[in-house]
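Undergrad: Next comes query.tsv, TSV, C-alpha atoms:
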chain	number	residue	atom	x	y	z
A	1	VAL	CA	-5.62	-91.85	108.86
A	2	PRO	CA	-8.88	-92.73	110.69
A	3	LEU	CA	-8.49	-96.15	112.21
A	4	GLY	CA	-12.04	-96.45	113.57
A	5	TYR	CA	-13.09	-97.88	116.92
A	6	ASP	CA	-10.67	-100.17	118.72
A	7	THR	CA	-12.77	-103.33	119.11
A	8	SER	CA	-10.16	-104.92	121.38
A	9	GLY	CA	-11.57	-102.65	124.10
A	10	GLU	CA	-15.12	-103.95	123.90
A	11	ASN	CA	-17.24	-106.36	121.83
A	12	LEU	CA	-14.16	-108.57	121.41
A	13	PHE	CA	-15.79	-111.82	122.50
A	14	LEU	CA	-19.19	-110.97	121.00
A	15	SER	CA	-17.78	-111.08	117.46
A	16	TYR	CA	-16.37	-114.57	118.00
A	17	LEU	CA	-19.57	-115.68	119.75
A	18	ILE	CA	-21.78	-114.75	116.79
A	19	VAL	CA	-19.40	-116.32	114.26
A	20	TYR	CA	-19.30	-119.63	116.13
A	21	MET	CA	-23.06	-119.56	116.60
A	22	HIS	CA	-23.24	-119.32	112.80
A	23	LYS	CA	-20.87	-122.27	112.40
A	24	ILE	CA	-23.02	-124.38	114.73
A	25	ALA	CA	-26.28	-123.29	113.07
A	26	SER	CA	-24.81	-124.13	109.63
A	27	ILE	CA	-24.44	-127.76	110.68
A	28	PHE	CA	-28.23	-128.09	111.01
A	29	LEU	CA	-29.30	-125.57	108.36
A	30	SER	CA	-26.85	-124.90	105.55
A	31	SER	CA	-28.83	-121.97	104.15
A	32	VAL	CA	-28.50	-119.86	107.32
A	33	THR	CA	-26.32	-116.78	106.87
A	34	LEU	CA	-24.17	-114.83	109.29
A	35	SER	CA	-26.63	-111.96	108.96
A	36	ASP	CA	-29.49	-114.27	110.04
A	37	VAL	CA	-27.59	-115.29	113.17
A	38	PHE	CA	-26.71	-111.67	113.87
A	39	LEU	CA	-30.39	-110.73	113.74
A	40	PHE	CA	-31.70	-113.65	115.80
A	41	TYR	CA	-28.94	-113.96	118.40
A	42	PRO	CA	-30.75	-111.62	120.87
A	43	VAL	CA	-33.71	-114.01	120.98
A	44	ILE	CA	-31.39	-116.96	121.67
A	45	ALA	CA	-29.75	-114.89	124.42
A	46	PHE	CA	-33.23	-114.13	125.79
A	47	VAL	CA	-34.06	-117.84	126.14
A	48	ILE	CA	-30.75	-118.65	127.85
A	49	ALA	CA	-31.07	-115.64	130.15
A	50	ASP	CA	-34.61	-116.73	131.02
A	51	ILE	CA	-33.40	-120.18	132.04
A	52	PHE	CA	-30.68	-118.87	134.34
A	53	PHE	CA	-32.94	-116.18	135.80
A	54	PHE	CA	-35.40	-118.93	136.72
A	55	LEU	CA	-32.63	-121.05	138.23
A	56	ILE	CA	-31.36	-118.09	140.30
A	57	ALA	CA	-34.84	-117.33	141.65
A	58	LYS	CA	-35.42	-121.01	142.37
A	59	LYS	CA	-32.11	-121.23	144.22
A	60	LEU	CA	-32.99	-118.20	146.35
A	61	PHE	CA	-36.69	-118.99	146.92
A	62	ASN	CA	-38.65	-121.85	145.33
A	63	SER	CA	-40.01	-123.00	141.97
A	64	GLY	CA	-43.32	-121.15	142.33
A	65	ILE	CA	-41.73	-117.78	143.04
A	66	ALA	CA	-39.14	-118.43	140.32
A	67	LEU	CA	-41.90	-119.05	137.78
A	68	ILE	CA	-43.76	-115.87	138.73
A	69	ALA	CA	-40.57	-113.79	138.70
A	70	THR	CA	-39.62	-115.13	135.27
A	71	ALA	CA	-43.11	-114.34	133.97
A	72	PHE	CA	-42.74	-110.76	135.18
A	73	LEU	CA	-39.35	-110.55	133.47
A	74	ASN	CA	-40.88	-111.79	130.21
A	75	PHE	CA	-44.04	-109.71	130.06
A	76	VAL	CA	-43.44	-106.48	131.96
A	77	PRO	CA	-42.03	-103.81	129.60
A	78	SER	CA	-38.37	-103.25	130.45
A	79	ALA	CA	-34.93	-102.58	129.01
A	80	PHE	CA	-34.37	-106.36	129.06
A	81	LEU	CA	-37.26	-106.99	126.68
A	82	SER	CA	-36.37	-104.13	124.34
A	83	ARG	CA	-32.81	-105.40	124.01
A	84	THR	CA	-33.69	-109.02	123.30
A	85	VAL	CA	-35.94	-108.64	120.27
A	86	VAL	CA	-35.04	-109.71	116.75
A	87	GLY	CA	-32.72	-107.19	115.15
A	88	PHE	CA	-31.33	-105.57	118.31
A	89	SER	CA	-27.92	-107.20	117.94
A	90	ASP	CA	-26.01	-105.20	120.51
A	91	LYS	CA	-23.74	-106.28	123.35
A	92	GLU	CA	-26.31	-106.21	126.18
A	93	PRO	CA	-28.13	-109.53	125.43
A	94	ALA	CA	-24.94	-111.60	125.61
A	95	GLY	CA	-23.65	-109.53	128.52
A	96	ILE	CA	-26.81	-110.20	130.55
A	97	VAL	CA	-26.52	-113.93	129.82
A	98	PHE	CA	-22.99	-114.14	131.23
A	99	MET	CA	-23.94	-111.97	134.20
A	100	LEU	CA	-26.81	-114.33	135.14
A	101	ILE	CA	-24.60	-117.38	134.61
A	102	ALA	CA	-21.98	-115.88	136.93
A	103	ILE	CA	-24.54	-115.11	139.64
A	104	TYR	CA	-25.98	-118.64	139.43
A	105	LEU	CA	-22.56	-120.27	139.62
A	106	TYR	CA	-21.64	-118.12	142.62
A	107	LEU	CA	-24.86	-119.11	144.39
A	108	ILE	CA	-24.07	-122.78	143.82
A	109	GLY	CA	-20.55	-122.21	145.13
A	110	MET	CA	-21.95	-120.65	148.30
A	111	SER	CA	-24.03	-123.75	148.97
A	112	LYS	CA	-21.01	-126.06	148.70
A	113	GLU	CA	-19.02	-127.05	151.79
A	114	ASN	CA	-16.05	-128.69	150.09
A	115	ARG	CA	-13.00	-126.49	149.43
A	116	LYS	CA	-12.40	-128.02	146.02
A	117	ASP	CA	-15.99	-127.34	144.94
A	118	LYS	CA	-15.73	-123.73	146.08
A	119	LEU	CA	-12.52	-123.27	144.09
A	120	ILE	CA	-14.14	-124.75	140.98
A	121	TYR	CA	-17.33	-122.68	141.17
A	122	GLY	CA	-15.37	-119.57	142.07
A	123	ALA	CA	-13.17	-120.08	139.02
A	124	LEU	CA	-16.21	-120.69	136.77
A	125	THR	CA	-17.83	-117.51	138.14
A	126	GLY	CA	-14.62	-115.64	137.41
A	127	VAL	CA	-14.47	-117.00	133.85
A	128	SER	CA	-18.09	-115.99	133.21
A	129	THR	CA	-17.40	-112.53	134.66
A	130	GLY	CA	-14.26	-112.21	132.55
A	131	LEU	CA	-16.13	-113.16	129.37
A	132	MET	CA	-18.81	-110.63	130.23
A	133	SER	CA	-16.10	-107.97	130.51
A	134	LEU	CA	-15.03	-108.82	126.95
A	135	ILE	CA	-18.57	-108.07	125.77
A	136	TRP	CA	-20.04	-105.29	127.87
A	137	GLY	CA	-18.78	-102.58	130.21
A	138	GLY	CA	-21.80	-103.39	132.38
A	139	VAL	CA	-19.57	-105.97	134.04
A	140	GLN	CA	-19.10	-103.29	136.69
A	141	PHE	CA	-22.64	-104.01	137.93
A	142	LEU	CA	-21.68	-107.63	138.56
A	143	LEU	CA	-18.36	-106.74	140.19
A	144	MET	CA	-20.11	-104.28	142.49
A	145	LEU	CA	-22.88	-106.74	143.33
A	146	LEU	CA	-20.57	-109.54	144.46
A	147	ALA	CA	-18.25	-107.15	146.33
A	148	ALA	CA	-21.25	-105.63	148.15
A	149	HIS	CA	-22.49	-109.12	148.99
A	150	VAL	CA	-19.14	-109.97	150.60
A	151	PHE	CA	-19.15	-106.75	152.64
A	152	VAL	CA	-22.67	-107.51	153.90
A	153	GLU	CA	-21.74	-111.09	154.78
A	154	ILE	CA	-18.69	-109.85	156.70
A	155	ALA	CA	-20.67	-107.10	158.45
A	156	LEU	CA	-23.21	-109.71	159.62
A	157	ASP	CA	-20.37	-112.09	160.58
A	158	ARG	CA	-21.77	-114.72	158.22
A	159	PHE	CA	-18.76	-115.02	155.92
A	160	LYS	CA	-17.41	-118.55	156.27
A	161	ASN	CA	-13.71	-119.37	156.15
A	162	GLU	CA	-14.31	-121.73	153.23
A	163	ASP	CA	-15.93	-118.90	151.25
A	164	PHE	CA	-12.46	-117.41	151.00
A	165	TYR	CA	-11.67	-119.96	148.29
A	166	LEU	CA	-14.87	-119.20	146.40
A	167	TYR	CA	-14.42	-115.42	146.33
A	168	SER	CA	-10.65	-115.39	145.86
A	169	SER	CA	-10.74	-117.78	142.90
A	170	TYR	CA	-13.54	-115.71	141.38
A	171	VAL	CA	-11.52	-112.47	141.69
A	172	LEU	CA	-8.34	-114.12	140.38
A	173	PHE	CA	-9.94	-115.55	137.23
A	174	ALA	CA	-12.09	-112.49	136.52
A	175	ILE	CA	-9.22	-110.00	136.79
A	176	SER	CA	-6.83	-112.29	134.87
A	177	ILE	CA	-9.22	-112.52	131.90
A	178	MET	CA	-10.01	-108.80	132.01
A	179	VAL	CA	-6.33	-107.84	131.92
A	180	GLY	CA	-5.05	-110.68	129.76
A	181	LEU	CA	-7.58	-110.78	126.94
A	182	SER	CA	-9.01	-107.26	126.68
A	183	GLY	CA	-7.41	-104.11	125.35
A	184	ARG	CA	-9.72	-102.09	127.57
A	185	TYR	CA	-8.36	-103.17	130.93
A	186	THR	CA	-4.78	-102.86	132.17
A	187	ILE	CA	-3.31	-103.02	135.65
A	188	THR	CA	-3.12	-99.22	135.65
A	189	THR	CA	-6.74	-98.65	134.61
A	190	LEU	CA	-8.00	-101.28	137.04
A	191	VAL	CA	-6.13	-99.71	139.95
A	192	ARG	CA	-7.74	-96.35	139.13
A	193	ASP	CA	-11.23	-97.79	138.66
A	194	ILE	CA	-13.47	-97.22	141.71
A	195	VAL	CA	-15.53	-100.40	141.22
A	196	VAL	CA	-12.46	-102.61	140.80
A	197	LEU	CA	-10.96	-100.88	143.83
A	198	LEU	CA	-14.00	-101.96	145.85
A	199	VAL	CA	-13.45	-105.52	144.62
A	200	MET	CA	-9.80	-105.42	145.66
A	201	ILE	CA	-10.68	-103.92	149.05
A	202	SER	CA	-13.23	-106.69	149.62
A	203	GLU	CA	-10.63	-109.29	148.61
A	204	PHE	CA	-8.10	-107.72	151.00
A	205	VAL	CA	-10.63	-107.93	153.87
A	206	VAL	CA	-11.36	-111.56	152.94
A	207	VAL	CA	-7.64	-112.39	153.06
A	208	ILE	CA	-7.22	-110.68	156.44
A	209	ASN	CA	-10.24	-112.61	157.71
A	210	LYS	CA	-8.77	-115.90	156.52
A	211	VAL	CA	-5.22	-115.36	157.77
A	212	PHE	CA	-5.77	-113.41	160.99
A	213	GLY	CA	-9.43	-114.16	161.76
A	214	ASN	CA	-8.83	-116.20	164.93
A	215	LYS	CA	-6.33	-113.69	166.34
A	216	ILE	CA	-8.70	-110.79	165.66
A	217	ARG	CA	-11.56	-112.65	167.38
A	218	ASN	CA	-9.38	-113.23	170.44
A	219	LEU	CA	-8.38	-109.58	170.39
A	220	SER	CA	-11.92	-108.26	170.12
A	221	LYS	CA	-13.76	-110.84	172.28
A	222	ASP	CA	-16.69	-109.07	173.96
A	223	LYS	CA	-15.23	-105.57	173.73
A	224	VAL	CA	-15.75	-104.80	170.04
A	225	PRO	CA	-17.88	-106.78	167.54
A	226	TYR	CA	-15.66	-108.94	165.35
A	227	PRO	CA	-16.81	-107.42	162.00
A	228	VAL	CA	-16.02	-103.91	163.26
A	229	MET	CA	-12.57	-104.95	164.44
A	230	LEU	CA	-11.90	-106.84	161.17
A	231	ILE	CA	-12.88	-103.90	158.97
A	232	LEU	CA	-10.92	-101.46	161.17
A	233	ILE	CA	-7.73	-103.54	161.04
A	234	SER	CA	-8.16	-104.20	157.31
A	235	SER	CA	-8.69	-100.49	156.63
A	236	VAL	CA	-5.58	-99.42	158.52
A	237	SER	CA	-3.50	-102.21	156.95
A	238	GLY	CA	-4.85	-101.38	153.48
A	239	VAL	CA	-3.97	-97.68	153.81
A	240	ILE	CA	-0.44	-98.55	154.96
A	241	VAL	CA	0.15	-101.10	152.19
A	242	GLY	CA	-1.40	-98.83	149.55
A	243	SER	CA	0.71	-95.86	150.67
A	244	ILE	CA	3.88	-97.92	150.46
A	245	PHE	CA	3.20	-99.11	146.89
A	246	PHE	CA	1.27	-96.18	145.38
A	247	GLY	CA	1.86	-93.20	147.66
A	248	SER	CA	-0.34	-91.51	150.25
A	249	GLU	CA	-1.83	-89.02	147.77
A	250	PHE	CA	-3.07	-91.82	145.53
A	251	VAL	CA	-4.66	-93.63	148.49
A	252	LEU	CA	-6.40	-90.45	149.70
A	253	ASN	CA	-7.74	-89.76	146.20
A	254	ARG	CA	-9.08	-93.32	145.94
A	255	ILE	CA	-10.76	-93.07	149.36
A	256	SER	CA	-12.32	-89.77	148.32
A	257	GLY	CA	-13.51	-91.37	145.08
A	258	VAL	CA	-15.13	-94.29	146.91
A	259	ILE	CA	-16.92	-91.97	149.34
A	260	SER	CA	-18.12	-89.81	146.46
A	261	SER	CA	-19.39	-92.85	144.52
A	262	ILE	CA	-21.34	-94.07	147.56
A	263	THR	CA	-22.81	-90.70	148.62
A	264	LYS	CA	-23.34	-89.30	145.10
A	265	PRO	CA	-23.82	-92.31	142.80
A	266	VAL	CA	-25.33	-90.28	139.95
A	267	GLY	CA	-22.79	-87.46	140.09
A	268	ALA	CA	-22.29	-84.13	141.79
A	269	SER	CA	-23.53	-81.78	139.08
A	270	ARG	CA	-25.68	-78.85	140.20
A	271	PHE	CA	-28.23	-79.96	137.60
A	272	ILE	CA	-28.63	-83.27	139.45
A	273	SER	CA	-28.63	-81.81	142.95
Kindly present the structure from the file in structure tokens form.
TA:
Amino acid sequence: VPLGYDTSGENLFLSYLIVYMHKIASIFLSSVTLSDVFLFYPVIAFVIADIFFFLIAKKLFNSGIALIATAFLNFVPSAFLSRTVVGFSDKEPAGIVFMLIAIYLYLIGMSKENRKDKLIYGALTGVSTGLMSLIWGGVQFLLMLLAAHVFVEIALDRFKNEDFYLYSSYVLFAISIMVGLSGRYTITTLVRDIVVLLVMISEFVVVINKVFGNKIRNLSKDKVPYPVMLILISSVSGVIVGSIFFGSEFVLNRISGVISSITKPVGASRFIS
């Protein structure tokens, strides 16, 4: 018997989001229908996304640049505009909203010095990322972005010890929601996913930096740059730990997959090359 598409794998949170938007709208306008909300929700998502895009640009630059950037986002033809018009009630509008919220929260967390604040903003970033994963598979873009940011910060030796709490709480909450509330993600599928693997590798390096950072600095001193020594030790430790738990063949396949994703991001087909 055809059972149809398993919505527990994707669009899970979007269904609830639209229904509760209808409940809230009904308080102010009793004649509004669920179909009306379904049609107009992309426009609401557009406004919210606009606000957080402006706040992100303002946080990174200033109000003037943020205003210009937001204007470009609003008026230059793009996939963002085509997916936030009335009637295009797909998963992308809500997914983009939660992605921008997560990025903004993470930026605020980076500016905080207090450990408690970093834990809070890291957790909120993780929750927003987790909710995005319940809406749209494009959560991989966000996971990759933050993991890449951590690698760059470490490579430039700009990753602060206190940022460990920000990134670790983000990873913990994001992965917990992805595994706990979605039928799409399991521990097995996450372990085999290249993007999630990059997130876990970045988290492993962050942990090594936090626990053994001072010892590694003393070991490297002026001989080898600290970031190089940190990544080298983390890589060797990661391969050993991974081989113990998953086997050497699995680790080698994952390493090959990561290299392939980096060197051939759009695939290895002869039609592409």
Undergrad: Hey, can you check how far atom CA of A:Phe52 sits from atom CA of A:Phe28?
TA: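 Rounded to one decimal, the two atoms are 25.2 Å apart.
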Undergrad: So that I can see what lies close to A:Glu92, please list as number ranges by chain the residues with an atom at most 9 Å from it, counting only C-alpha atoms and leaving out residues fewer than 5 positions away in the same chain.
TA: A: 42, 80, 83-84, 97, 135-136, 138
Undergrad: Check the smallest atom-to-atom distance from each of A:Asn161, A:Ser30, A:Ser89, A:Ser169 to A:Val206 using only C-alpha atoms, then report the winner.
TA: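 The answer is A:Asn161, which sits nearest to A:Val206.
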Undergrad: So how far away is atom CA of A:Leu39 from atom CA of A:Pro77, in Å?
TA: 20.9 Å
Undergrad: Between atom CA of A:Gly137 and atom CA of A:Asp90, what is the spacing in Å?
TA: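 The value is 12.4 Å.
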Undergrad: Excluding same-chain residues fewer than 6 positions from A:Thr70, what lies within 9 Å of it counting all atoms listed in the file, as a ChimeraX atom specification?
TA: /A:50-51,53-54,57
Undergrad: Here is a test: counting only C-alpha atoms, which residue of A:Met132, A:Leu172, A:Leu146, A:Leu14 is nearest to A:Leu198?
TA: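 Looking at the shortest contact to A:Leu198, the residue is A:Leu146.
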Undergrad: Compare A:Pro227, A:Gly4, A:Gly64, A:Gly87 by their minimum atom-to-atom distance to A:Val43, counting only C-alpha atoms, and give me the closest one.
TA: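 Among the listed residues, A:Gly87 lies closest to A:Val43.
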Undergrad: Edge lengths and centre in Å to one decimal, as JSON, of the axis-aligned box that encloses all listed atoms of stretch 158-172 of chain A with 5 Å added on every side?
TA:
{"center_x": -15.1, "center_y": -117.1, "center_z": 149.3, "size_x": 23.4, "size_y": 19.3, "size_z": 27.8}
Undergrad: Which one of A:Lys210, A:Arg254, A:Lys118, A:Lys215 sits closest to A:Asp193 if you count only C-alpha atoms?
TA: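 The answer is A:Arg254, which sits nearest to A:Asp193.
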